[in-house]
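Here is the file upload-v3.cif (mmCIF, C-alpha atoms).
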data_upload
loop_
_atom_site.label_atom_id
_atom_site.label_comp_id
_atom_site.auth_asym_id
_atom_site.auth_seq_id
_atom_site.Cartn_x
_atom_site.Cartn_y
_atom_site.Cartn_z
CA MET A 1 -201.50 95.55 -54.82
CA THR A 2 -201.65 98.15 -57.56
CA THR A 3 -199.37 100.42 -55.55
CA CYS A 4 -196.75 97.65 -55.23
CA CYS A 5 -196.89 96.99 -58.97
CA CYS A 6 -196.44 100.67 -59.81
CA GLN A 7 -193.63 100.96 -57.29
CA SER A 8 -191.85 97.97 -58.84
CA ILE A 9 -192.08 99.45 -62.34
CA GLU A 10 -190.87 102.80 -61.04
CA GLU A 11 -187.88 101.14 -59.34
CA GLU A 12 -186.98 99.31 -62.55
CA LEU A 13 -187.09 102.56 -64.50
CA THR A 14 -184.91 104.27 -61.88
CA VAL A 15 -182.32 101.49 -62.11
CA GLU A 16 -182.34 101.70 -65.93
CA VAL A 17 -181.86 105.48 -65.91
CA LYS A 18 -179.07 105.23 -63.34
CA HIS A 19 -177.36 102.57 -65.43
CA ALA A 20 -177.42 104.83 -68.49
CA THR A 21 -176.42 107.90 -66.50
CA GLU A 22 -173.21 106.28 -65.23
CA TRP A 23 -172.62 103.60 -67.82
CA MET A 24 -168.91 104.44 -68.23
CA LYS A 25 -168.33 104.13 -64.51
CA ASN A 26 -170.01 100.72 -64.65
CA LEU A 27 -168.13 99.28 -67.65
CA PRO A 28 -166.43 95.89 -67.16
CA ARG A 29 -163.06 96.22 -65.45
CA GLU A 30 -161.25 94.69 -68.42
CA LEU A 31 -162.24 97.73 -70.50
CA HIS A 32 -160.78 100.29 -68.11
CA ASN A 33 -157.41 100.20 -69.87
CA GLU A 34 -158.77 100.11 -73.41
CA PRO A 35 -158.40 103.34 -75.41
CA ILE A 36 -161.57 105.32 -75.84
CA THR A 37 -161.33 104.53 -79.57
CA LYS A 38 -162.17 100.88 -78.84
CA ILE A 39 -165.23 101.59 -76.70
CA ALA A 40 -168.73 101.65 -78.23
CA ILE A 41 -170.09 105.14 -77.55
CA PRO A 42 -173.57 106.49 -78.39
CA GLY A 43 -173.65 110.00 -79.84
CA THR A 44 -175.96 112.42 -81.60
CA HIS A 45 -175.88 114.08 -85.01
CA ASP A 46 -176.22 117.89 -84.87
CA SER A 47 -176.51 117.41 -81.13
CA PHE A 48 -177.63 120.97 -80.35
CA ALA A 49 -180.46 121.15 -82.92
CA PHE A 50 -183.20 120.33 -80.39
CA TYR A 51 -183.86 124.08 -80.37
CA LEU A 52 -183.72 126.30 -83.44
CA SER A 53 -185.08 129.79 -83.91
CA ARG A 54 -186.65 131.08 -87.12
CA HIS A 55 -183.57 133.18 -87.92
CA ALA A 56 -181.45 132.01 -90.84
CA GLY A 57 -178.00 130.79 -89.93
CA PRO A 58 -174.87 131.39 -92.01
CA ASP A 59 -174.95 127.76 -93.14
CA MET A 60 -178.40 128.01 -94.73
CA ASP A 61 -178.56 127.19 -98.42
CA ALA A 62 -178.61 130.38 -100.52
CA ASN A 63 -181.82 129.38 -102.34
CA LEU A 64 -183.62 128.68 -99.07
CA ARG A 65 -182.35 131.92 -97.57
CA ARG A 66 -184.38 133.92 -100.13
CA LEU A 67 -187.55 132.08 -99.11
CA HIS A 68 -186.97 131.28 -95.46
CA VAL A 69 -189.31 133.97 -94.10
CA LEU A 70 -192.18 132.42 -96.05
CA ILE A 71 -191.37 128.78 -95.41
CA SER A 72 -189.53 128.91 -92.07
CA PRO A 73 -191.88 126.35 -90.40
CA ILE A 74 -191.05 123.82 -93.13
CA ILE A 75 -187.32 124.54 -92.88
CA LYS A 76 -187.48 124.14 -89.11
CA ASN A 77 -189.24 120.78 -89.34
CA TRP A 78 -186.44 119.49 -91.56
CA SER A 79 -183.60 121.14 -89.58
CA ILE A 80 -184.37 119.99 -86.04
CA THR A 81 -182.44 116.77 -85.48
CA GLN A 82 -183.00 115.97 -81.79
CA ASN A 83 -185.85 116.26 -79.30
CA LEU A 84 -183.76 116.01 -76.14
CA THR A 85 -181.71 118.77 -74.54
CA PHE A 86 -178.00 118.27 -73.78
CA ALA A 87 -178.81 117.25 -70.20
CA GLU A 88 -181.50 114.81 -71.34
CA GLN A 89 -179.13 113.32 -73.90
CA LEU A 90 -176.47 112.86 -71.23
CA TYR A 91 -178.88 111.15 -68.85
CA ILE A 92 -179.89 108.54 -71.45
CA GLY A 93 -176.19 107.79 -72.06
CA ILE A 94 -175.08 110.00 -74.98
CA ARG A 95 -171.37 110.78 -74.67
CA TYR A 96 -170.40 112.18 -78.11
CA PHE A 97 -171.69 115.55 -79.30
CA ASP A 98 -171.53 116.86 -82.88
CA LEU A 99 -171.25 120.67 -82.60
CA ARG A 100 -171.48 123.38 -85.27
CA VAL A 101 -171.07 126.98 -84.23
CA CYS A 102 -171.20 130.47 -85.67
CA ARG A 103 -170.30 133.93 -84.46
CA THR A 104 -173.17 135.77 -82.80
CA THR A 105 -174.18 138.84 -84.80
CA ASP A 106 -177.11 139.85 -82.57
CA SER A 107 -175.77 142.53 -80.21
CA LYS A 108 -178.17 141.53 -77.41
CA LEU A 109 -177.10 137.89 -77.54
CA SER A 110 -173.39 138.62 -77.98
CA SER A 111 -173.31 140.20 -74.53
CA LYS A 112 -174.20 136.77 -73.13
CA SER A 113 -172.18 134.61 -75.52
CA PRO A 114 -170.14 135.44 -78.64
CA PHE A 115 -171.20 132.16 -80.27
CA THR A 116 -174.42 130.30 -81.10
CA PHE A 117 -175.06 126.85 -82.48
CA THR A 118 -176.40 126.63 -86.02
CA HIS A 119 -178.03 124.15 -88.38
CA GLY A 120 -179.56 126.12 -91.20
CA LEU A 121 -181.37 128.12 -88.52
CA LEU A 122 -179.71 129.70 -85.51
CA GLY A 123 -179.78 127.66 -82.33
CA GLY A 124 -179.03 128.29 -78.66
CA LEU A 125 -176.04 130.00 -77.09
CA VAL A 126 -172.85 127.94 -76.98
CA ARG A 127 -172.06 129.12 -73.46
CA GLU A 128 -175.39 127.93 -72.09
CA GLY A 129 -175.11 124.56 -73.82
CA LEU A 130 -171.59 123.89 -72.54
CA GLU A 131 -172.52 124.99 -69.02
CA GLU A 132 -175.39 122.49 -69.07
CA ILE A 133 -172.95 119.72 -70.02
CA ASN A 134 -170.50 120.83 -67.34
CA GLY A 135 -173.23 120.65 -64.71
CA PHE A 136 -173.77 116.98 -65.55
CA LEU A 137 -170.03 116.25 -65.36
CA ASN A 138 -169.83 117.85 -61.92
CA LYS A 139 -172.41 115.35 -60.67
CA HIS A 140 -170.90 112.31 -62.42
CA PRO A 141 -167.08 112.49 -62.18
CA LYS A 142 -166.43 109.15 -63.92
CA GLU A 143 -168.36 109.92 -67.09
CA ILE A 144 -166.29 110.99 -70.13
CA ILE A 145 -167.62 113.05 -73.02
CA LEU A 146 -166.32 113.80 -76.51
CA LEU A 147 -167.06 117.30 -77.84
CA ASP A 148 -166.57 117.40 -81.60
CA PHE A 149 -166.41 120.98 -82.89
CA ASN A 150 -166.35 120.41 -86.65
CA HIS A 151 -168.03 123.33 -88.44
CA PHE A 152 -167.31 127.02 -87.87
CA TYR A 153 -169.14 129.90 -89.58
CA ASP A 154 -168.58 133.65 -89.80
CA PHE A 155 -165.47 133.59 -87.63
CA ASN A 156 -163.14 136.60 -87.82
CA ASP A 157 -160.06 137.94 -86.04
CA GLN A 158 -162.11 139.66 -83.36
CA CYS A 159 -164.38 136.69 -82.71
CA GLY A 160 -162.92 133.40 -83.85
CA HIS A 161 -161.11 130.28 -82.74
CA GLU A 162 -159.10 131.88 -79.97
CA GLN A 163 -162.25 133.30 -78.38
CA LEU A 164 -164.16 130.00 -78.73
CA ILE A 165 -161.28 128.07 -77.19
CA GLU A 166 -161.11 130.57 -74.32
CA LEU A 167 -164.84 130.02 -73.73
CA ILE A 168 -164.46 126.21 -73.75
CA HIS A 169 -161.51 126.38 -71.37
CA GLU A 170 -163.29 128.84 -69.07
CA ILE A 171 -166.22 126.43 -68.66
CA PHE A 172 -164.46 123.06 -68.41
CA GLY A 173 -160.99 124.02 -67.16
CA LYS A 174 -159.05 121.06 -65.77
CA LYS A 175 -161.74 118.62 -66.91
CA ILE A 176 -160.30 118.88 -70.44
CA CYS A 177 -157.76 116.21 -71.33
CA THR A 178 -154.64 118.22 -72.15
CA THR A 179 -151.95 115.79 -71.00
CA ALA A 180 -152.42 112.89 -73.45
CA GLU A 181 -150.55 113.49 -76.70
CA THR A 182 -152.36 110.71 -78.59
CA ILE A 183 -155.91 109.49 -78.38
CA LEU A 184 -154.62 105.97 -77.67
CA GLU A 185 -153.44 107.21 -74.27
CA CYS A 186 -157.03 108.08 -73.37
CA THR A 187 -158.20 105.06 -71.43
CA LEU A 188 -160.81 105.27 -68.71
CA ASN A 189 -158.19 104.67 -66.03
CA TYR A 190 -155.93 107.37 -67.46
CA LEU A 191 -158.75 109.90 -67.57
CA TRP A 192 -160.10 108.96 -64.14
CA ASN A 193 -156.64 109.11 -62.54
CA ASN A 194 -156.09 112.58 -64.04
CA GLN A 195 -159.64 113.72 -63.17
CA GLN A 196 -160.26 114.55 -66.83
CA GLN A 197 -163.72 114.18 -68.34
CA VAL A 198 -163.68 116.10 -71.62
CA ILE A 199 -161.96 114.97 -74.82
CA LEU A 200 -162.09 118.00 -77.08
CA LEU A 201 -162.05 117.14 -80.78
CA TYR A 202 -161.39 120.21 -82.88
CA GLU A 203 -161.67 120.05 -86.66
CA ARG A 204 -158.92 122.52 -87.42
CA ASN A 205 -155.40 122.15 -88.73
CA ARG A 206 -153.04 121.07 -85.96
CA ASP A 207 -150.31 123.46 -87.13
CA GLN A 208 -152.67 126.41 -86.66
CA CYS A 209 -153.54 125.37 -83.11
CA SER A 210 -150.18 124.68 -81.45
CA ALA A 211 -150.64 127.71 -79.20
CA TYR A 212 -153.86 126.23 -77.82
CA MET A 213 -152.62 122.77 -76.86
CA ASP A 214 -151.96 123.63 -73.21
CA ARG A 215 -155.62 124.66 -72.87
CA ILE A 216 -157.52 122.21 -75.05
CA GLY A 217 -155.16 119.31 -75.73
CA HIS A 218 -153.74 117.72 -78.87
CA PHE A 219 -156.77 116.34 -80.67
CA PHE A 220 -157.06 118.23 -83.94
CA GLN A 221 -158.57 116.59 -87.02
CA ILE A 222 -158.53 113.07 -85.56
CA CYS A 223 -162.13 112.09 -86.36
CA GLN A 224 -162.92 109.72 -89.20
CA SER A 225 -166.61 110.41 -89.80
CA PRO A 226 -167.64 109.36 -93.33
CA TRP A 227 -170.91 110.99 -94.36
CA PRO A 228 -173.45 108.68 -96.06
CA ASN A 229 -175.13 111.71 -97.70
CA THR A 230 -178.23 109.86 -98.90
CA PRO A 231 -181.97 110.40 -98.39
CA ARG A 232 -182.64 106.69 -98.85
CA THR A 233 -182.54 104.36 -95.86
CA ASP A 234 -181.56 101.34 -97.97
CA ASN A 235 -178.56 103.20 -99.36
CA LEU A 236 -177.57 104.29 -95.85
CA PHE A 237 -177.21 100.71 -94.68
CA ILE A 238 -175.34 99.63 -97.81
CA PHE A 239 -172.90 102.44 -96.98
CA LEU A 240 -172.61 101.41 -93.31
CA ASP A 241 -172.11 97.74 -94.19
CA GLU A 242 -169.20 98.70 -96.44
CA LYS A 243 -167.59 100.81 -93.72
CA VAL A 244 -167.61 98.07 -91.06
CA SER A 245 -166.65 95.26 -93.45
CA VAL A 246 -162.96 96.08 -92.99
CA PRO A 247 -160.88 96.83 -89.88
CA ARG A 248 -160.19 100.52 -89.23
CA SER A 249 -157.46 102.30 -87.30
CA THR A 250 -157.93 103.02 -83.61
CA THR A 251 -155.47 105.94 -83.69
CA CYS A 252 -158.47 108.18 -84.36
CA ILE A 253 -162.11 108.47 -83.33
CA ASN A 254 -164.26 106.44 -85.76
CA VAL A 255 -167.79 107.76 -86.18
CA ILE A 256 -170.62 105.78 -87.75
CA GLN A 257 -173.24 108.22 -89.04
CA GLY A 258 -176.58 106.42 -88.83
CA GLN A 259 -178.84 109.11 -90.27
CA ILE A 260 -180.27 109.97 -93.68
CA THR A 261 -179.79 113.37 -95.30
CA PRO A 262 -183.00 114.65 -96.92
CA ASP A 263 -182.52 116.23 -100.33
CA THR A 264 -184.58 118.96 -101.97
CA ALA A 265 -186.89 116.43 -103.63
CA THR A 266 -187.64 114.72 -100.30
CA ILE A 267 -188.63 118.01 -98.69
CA GLN A 268 -190.64 119.19 -101.70
CA ASN A 269 -192.55 115.91 -101.81
CA ASN A 270 -193.18 115.96 -98.05
CA PRO A 271 -193.52 119.65 -97.12
CA PHE A 272 -195.69 119.00 -94.08
CA SER A 273 -193.66 116.08 -92.80
CA SER A 274 -190.45 116.35 -90.77
CA LEU A 275 -187.04 114.81 -90.33
CA GLU A 276 -188.28 113.19 -87.12
CA THR A 277 -190.96 111.24 -88.99
CA HIS A 278 -188.38 109.80 -91.38
CA ALA A 279 -185.88 109.18 -88.58
CA ARG A 280 -188.23 106.80 -86.78
CA GLU A 281 -187.89 104.14 -89.49
CA THR A 282 -184.17 104.78 -89.92
CA ASN A 283 -183.54 104.41 -86.18
CA ARG A 284 -185.58 101.20 -86.00
CA ARG A 285 -183.34 99.67 -88.65
CA LEU A 286 -180.21 101.17 -87.11
CA ILE A 287 -180.94 99.47 -83.79
CA GLU A 288 -181.41 96.13 -85.58
CA TRP A 289 -178.18 96.72 -87.50
CA LEU A 290 -176.27 97.54 -84.30
CA SER A 291 -177.42 94.34 -82.60
CA LEU A 292 -175.16 92.47 -85.04
CA ARG A 293 -172.06 94.57 -84.35
CA GLN A 294 -169.39 94.62 -81.67
CA ARG A 295 -167.20 97.25 -80.05
CA ASP A 296 -163.73 98.09 -81.43
CA PRO A 297 -163.43 99.29 -85.07
CA SER A 298 -160.14 97.42 -85.52
CA LEU A 299 -162.34 94.31 -85.78
CA ILE A 300 -164.67 93.50 -88.67
CA ASN A 301 -168.17 94.68 -87.73
CA GLY A 302 -166.71 96.70 -84.89
CA VAL A 303 -167.82 100.23 -84.01
CA ASN A 304 -166.58 103.11 -81.90
CA VAL A 305 -168.89 106.17 -81.91
CA VAL A 306 -172.38 105.76 -83.40
CA ILE A 307 -174.60 108.79 -84.02
CA CYS A 308 -178.16 109.32 -85.21
CA ASP A 309 -180.96 111.85 -85.37
CA PHE A 310 -183.58 111.83 -82.60
CA ALA A 311 -181.61 109.55 -80.29
CA ASP A 312 -183.58 107.84 -77.54
CA GLN A 313 -182.95 105.46 -74.67
CA LEU A 314 -183.26 102.34 -76.80
CA PHE A 315 -180.63 103.58 -79.25
CA ALA A 316 -178.23 104.55 -76.47
CA ASP A 317 -178.72 101.25 -74.63
CA THR A 318 -178.13 99.27 -77.82
CA VAL A 319 -174.75 100.92 -78.35
CA ILE A 320 -173.74 100.73 -74.70
CA LYS A 321 -174.53 97.01 -74.53
CA LEU A 322 -171.96 96.29 -77.23
CA ASN A 323 -169.35 96.86 -74.52
CA HIS A 324 -170.76 93.94 -72.54
CA LYS A 325 -170.67 91.24 -75.16
CA ASN A 326 -168.18 89.60 -77.46
CA LEU A 327 -169.53 88.71 -80.92
CA THR A 328 -166.77 86.28 -81.90
CA SER A 329 -168.99 84.69 -84.53
CA LEU A 330 -169.05 87.83 -86.69
#
Re-express the file's structure as structure tokens.
Amino acid sequence: MTTCCCQSIEEELTVEVKHATEWMKNLPRELHNEPITKIAIPGTHDSFAFYLSRHAGPDMDANLRRLHVLISPIIKNWSITQNLTFAEQLYIGIRYFDLRVCRTTDSKLSSKSPFTFTHGLLGGLVREGLEEINGFLNKHPKEIILLDFNHFYDFNDQCGHEQLIELIHEIFGKKICTTAETILECTLNYLWNNQQQVILLYERNRDQCSAYMDRIGHFFQICQSPWPNTPRTDNLFIFLDEKVSVPRSTTCINVIQGQITPDTATIQNNPFSSLETHARETNRRLIEWLSLRQRDPSLINGVNVVICDFADQLFADTVIKLNHKNLTSL
């Protein structure tokens, strides 16, 4: 009897994981021709910062840089933003990734990849992270991801945007959506029919990237991602309420940032705490907040992409489920 009970629970968990793993494939048919900007999509903030070394990155605050050798464990506790790898994030349903990269200055690492991720401290190799994502896409051809490259550090003429774009194109190739000229063309049916799985969002001036469009598409500076920039959870939700109280354009990707930003005082007052500890309460409230929203930012209380720190299955499921209900009363 115990065996049957355990088997039943295991089967339920397997079904739940499979649902999250291929949730785009399983969306209601009536959403297949909606632009990706009207779909509710779970994402992560500083998606790569599940692993950080003790080496200072080029984006580290100058004051911290002078002390980072002495207080690197504290800095690390407040810099790590996720506890799941790219693959683990994908399997719980995350489809939007917030990516910040810098040029690799370590000669040993640069032979493997000219770029690393960074968030105050240096992270993993960009090549390895993107290859992990590509492996998932190979197994799940109807899942679509959004890669948002939005911060670039220490780039130069020898190792800069052209080299990063070559790396991205080398890994994803024809999976990148290069044929749609506007994001509104990117419906699930369009992407599936063209066997495209990667929407590359690149935070760089369109005029400077015209030579790259045949390799990475047309989506330059099309994210609206207002930053709450507050260490206080109450202030975060006041900010989010204001943002969804009015309809927003669906000609761009709309990102709701559901995370706090600790300030110096927060870290000084809690030196042996971590961002993860504070994120638990924020995420609990974010999930409650999301339960009162709907998909489609052109509607009041509608959302498109939602991101947070330390995303988990419950967060991802809460966002995904917005695509299966219609909150006409809001």
**Request:** Mind checking which residues fall within 7 Å of A:Phe115, counting all atoms listed in the file, ignoring those fewer than 4 positions away in the same chain, and posting them as a list in words?
**Result:**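 Once the nearby chain positions are removed, what remains is Val101, Cys102, Arg103, Thr104, Leu125 and Val126 of chain A.
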**Message:** Which residues are close to A:Arg293, i.e. within 8 Å by only C-alpha atoms, leaving aside same-chain residues fewer than 2 positions away? Reply as an NGL selection string.
**Reply:** :A and (289-291 or 295 or 301-303 or 322 or 327 or 330)
Selection from above, C-alpha atoms, as a PDB file, in the frame of the given file, can you write it?
ATOM      1  CA  TRP A 289    -178.180  96.720 -87.500  1.00  0.00           C
ATOM      2  CA  LEU A 290    -176.270  97.540 -84.300  1.00  0.00           C
ATOM      3  CA  SER A 291    -177.420  94.340 -82.600  1.00  0.00           C
ATOM      4  CA  ARG A 295    -167.200  97.250 -80.050  1.00  0.00           C
ATOM      5  CA  ASN A 301    -168.170  94.680 -87.730  1.00  0.00           C
ATOM      6  CA  GLY A 302    -166.710  96.700 -84.890  1.00  0.00           C
ATOM      7  CA  VAL A 303    -167.820 100.230 -84.010  1.00  0.00           C
ATOM      8  CA  LEU A 322    -171.960  96.290 -77.230  1.00  0.00           C
ATOM      9  CA  LEU A 327    -169.530  88.710 -80.920  1.00  0.00           C
ATOM     10  CA  LEU A 330    -169.050  87.830 -86.690  1.00  0.00           C
TER      11      LEU A 330
END
**Request:** Tell me which of A:Ile41, A:Ala56, A:Ile92, A:Ile133 sits closest to A:Pro297, counting all atoms listed in the file.
**Result:** A:Ile41
**Item:** Residues returned when the PyMOL selection byres ((chain A and resi 129) around 12) runs on this file, as a PyMOL selection string
**Value:** chain A and resi 47-51+85-89+97+99+101+113+115-117+123-128+130-136+147+167-168+171
**Complete:** Atom pair atom CA of A:Pro42 + atom CA of A:Leu121, distance 25.1 Å
**Request:** Carefully work through the PyMOL selection byres ((chain A and resi 310) around 10) for this structure and note down the residues it includes, as a PyMOL selection string.
**Result:** chain A and resi 44-47+49-50+80-84+89+259+275-277+279-280+283+307-309+311-312+315
Export C-alpha atoms of the chosen residues as a PDB file, in the frame of the given file?
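Output saved as again-v3.pdb:
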ATOM      1  CA  THR A  44    -175.960 112.420 -81.600  1.00  0.00           C
ATOM      2  CA  HIS A  45    -175.880 114.080 -85.010  1.00  0.00           C
ATOM      3  CA  ASP A  46    -176.220 117.890 -84.870  1.00  0.00           C
ATOM      4  CA  SER A  47    -176.510 117.410 -81.130  1.00  0.00           C
ATOM      5  CA  ALA A  49    -180.460 121.150 -82.920  1.00  0.00           C
ATOM      6  CA  PHE A  50    -183.200 120.330 -80.390  1.00  0.00           C
ATOM      7  CA  ILE A  80    -184.370 119.990 -86.040  1.00  0.00           C
ATOM      8  CA  THR A  81    -182.440 116.770 -85.480  1.00  0.00           C
ATOM      9  CA  GLN A  82    -183.000 115.970 -81.790  1.00  0.00           C
ATOM     10  CA  ASN A  83    -185.850 116.260 -79.300  1.00  0.00           C
ATOM     11  CA  LEU A  84    -183.760 116.010 -76.140  1.00  0.00           C
ATOM     12  CA  GLN A  89    -179.130 113.320 -73.900  1.00  0.00           C
ATOM     13  CA  GLN A 259    -178.840 109.110 -90.270  1.00  0.00           C
ATOM     14  CA  LEU A 275    -187.040 114.810 -90.330  1.00  0.00           C
ATOM     15  CA  GLU A 276    -188.280 113.190 -87.120  1.00  0.00           C
ATOM     16  CA  THR A 277    -190.960 111.240 -88.990  1.00  0.00           C
ATOM     17  CA  ALA A 279    -185.880 109.180 -88.580  1.00  0.00           C
ATOM     18  CA  ARG A 280    -188.230 106.800 -86.780  1.00  0.00           C
ATOM     19  CA  ASN A 283    -183.540 104.410 -86.180  1.00  0.00           C
ATOM     20  CA  ILE A 307    -174.600 108.790 -84.020  1.00  0.00           C
ATOM     21  CA  CYS A 308    -178.160 109.320 -85.210  1.00  0.00           C
ATOM     22  CA  ASP A 309    -180.960 111.850 -85.370  1.00  0.00           C
ATOM     23  CA  ALA A 311    -181.610 109.550 -80.290  1.00  0.00           C
ATOM     24  CA  ASP A 312    -183.580 107.840 -77.540  1.00  0.00           C
ATOM     25  CA  PHE A 315    -180.630 103.580 -79.250  1.00  0.00           C
TER      26      PHE A 315
END
**Request:** May I ask which of the residues A:Thr261, A:Gln158, A:Leu314, A:Thr178 is the closest one to A:Asn235, counting only C-alpha atoms?
**Result:** A:Thr261
**Asked** atom CA of A:Pro114 and atom CA of A:Gln163, how far apart in Å?
**Response**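 Going from atom CA of A:Gln163 over to atom CA of A:Pro114, I get 8.2 Å.
Computed from the coordinates, the atom CA of A:Thr182 to atom CA of A:Gln224 distance equals 15.0 Å.
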**Message:** What's around A:Ala180 at 12 Å? Count only C-alpha atoms, leave out sequence neighbours fewer than 4 positions away in its own chain, and write the answer as a list in words.
**Reply:**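 So the residues in contact are Pro35, Ile176, Leu184, Glu185, Cys186, Thr187, Tyr190, Leu191, Asn194, Gln196, Val198, Ile199, Leu200, Met213, Asp214, Ile216, Gly217, His218 and Phe219 of chain A.
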**Request:** Run the PyMOL selection byres ((chain A and resi 55) around 9) mentally over the shown coordinates, then write out the matched residues as JSON, numbers by chain, using the chain letters and numbers from the document.
**Result:** {"A": [52, 53, 54, 56, 57, 68, 69, 72, 120, 121, 122, 123]}
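For the choices A:Asp296, A:Asp317, A:Glu22, A:Glu34, the atom-to-atom distance to A:Ile144 is smallest for A:Glu22 when using only C-alpha atoms.
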**Item:** Nearest residue to A:Asn254 from the set A:Asp148, A:Asp207, A:Asp106, A:Glu30 (distances using all atoms listed in the file)
**Value:**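 The answer is A:Asp148, which sits nearest to A:Asn254.
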**Request:** Kindly indicate which residue among A:Gln257, A:Thr264, A:Ser245, A:Asn269 lies nearest to A:Ile300, using only C-alpha atoms for the distances.
**Result:** A:Ser245
**Message:** Taking 4 positions as the minimum chain separation for residues in the same chain, which residues sit within 7 Å of A:Thr250 when counting only C-alpha atoms? Answer as an MDAnalysis selection string.
**Reply:** chainID A and resid 37:38 297:298
**Request:** For A:Phe272, list every protein, DNA or RNA residue within 10 Å, evaluated using only C-alpha atoms, and leave out those in the same chain fewer than 3 positions away; present the list as a PyMOL selection string.
**Result:** chain A and resi 73-74+77-78+267-269
**Asked** Which protein, DNA or RNA residues are at most 6 Å from (-163.4, 112.8, -61.4) in the file's coordinates when you count only C-alpha atoms, listed as a list in words?
**Response**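 So the residues meeting the distance criterion are Pro141, Lys142, Trp192 and Gln195 of chain A.
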So that I have them on file, write out the residues from the current selection with C-alpha atoms, as a PDB file, keeping the file's coordinate frame.
ATOM      1  CA  PRO A 141    -167.080 112.490 -62.180  1.00  0.00           C
ATOM      2  CA  LYS A 142    -166.430 109.150 -63.920  1.00  0.00           C
ATOM      3  CA  TRP A 192    -160.100 108.960 -64.140  1.00  0.00           C
ATOM      4  CA  GLN A 195    -159.640 113.720 -63.170  1.00  0.00           C
TER       5      GLN A 195
END
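Of the residues listed (A:Asp263, A:Gln208, A:Ala316, A:Leu201), A:Ala316 shows the shortest atom-to-atom separation from A:Tyr91; distances use all atoms listed in the file.
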Test item: write stretch 249-264 of chain A with N, CA and C atoms as a short mmCIF file (atom, residue, chain, number, x, y, z; two decimals), in the first residue's frame:
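decode-v9.cif, freshly written:
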data_model
loop_
_atom_site.label_atom_id
_atom_site.label_comp_id
_atom_site.auth_asym_id
_atom_site.auth_seq_id
_atom_site.Cartn_x
_atom_site.Cartn_y
_atom_site.Cartn_z
N SER A 249 1.99 49.17 -24.30
CA SER A 249 2.12 48.74 -25.69
C SER A 249 2.60 47.30 -25.78
N THR A 250 2.10 46.59 -26.79
CA THR A 250 2.58 45.23 -27.03
C THR A 250 3.51 45.19 -28.24
N THR A 251 4.04 46.34 -28.64
CA THR A 251 5.03 46.39 -29.71
C THR A 251 6.44 46.18 -29.16
N CYS A 252 6.51 45.90 -27.86
CA CYS A 252 7.79 45.63 -27.22
C CYS A 252 7.58 44.55 -26.18
N ILE A 253 8.67 44.02 -25.65
CA ILE A 253 8.61 43.08 -24.53
C ILE A 253 8.46 43.90 -23.25
N ASN A 254 7.43 43.62 -22.46
CA ASN A 254 7.19 44.30 -21.19
C ASN A 254 7.63 43.40 -20.04
N VAL A 255 8.58 43.88 -19.26
CA VAL A 255 9.12 43.08 -18.15
C VAL A 255 8.70 43.68 -16.82
N ILE A 256 8.10 42.86 -15.98
CA ILE A 256 7.79 43.22 -14.60
C ILE A 256 8.92 42.70 -13.72
N GLN A 257 9.64 43.60 -13.07
CA GLN A 257 10.75 43.19 -12.20
C GLN A 257 10.23 43.04 -10.77
N GLY A 258 10.12 41.80 -10.32
CA GLY A 258 9.53 41.52 -9.02
C GLY A 258 10.54 41.26 -7.93
N GLN A 259 11.64 42.00 -7.92
CA GLN A 259 12.68 41.78 -6.92
C GLN A 259 13.09 43.11 -6.27
N ILE A 260 13.52 43.00 -5.01
CA ILE A 260 14.07 44.18 -4.33
C ILE A 260 15.53 44.36 -4.73
N THR A 261 16.06 45.55 -4.46
CA THR A 261 17.48 45.83 -4.69
C THR A 261 18.09 46.29 -3.38
N PRO A 262 18.85 45.43 -2.70
CA PRO A 262 19.41 45.83 -1.40
C PRO A 262 20.37 47.01 -1.55
N ASP A 263 20.28 47.96 -0.62
CA ASP A 263 21.20 49.08 -0.64
C ASP A 263 22.31 48.84 0.38
N THR A 264 23.23 49.78 0.48
CA THR A 264 24.37 49.62 1.38
C THR A 264 23.92 49.42 2.82
#
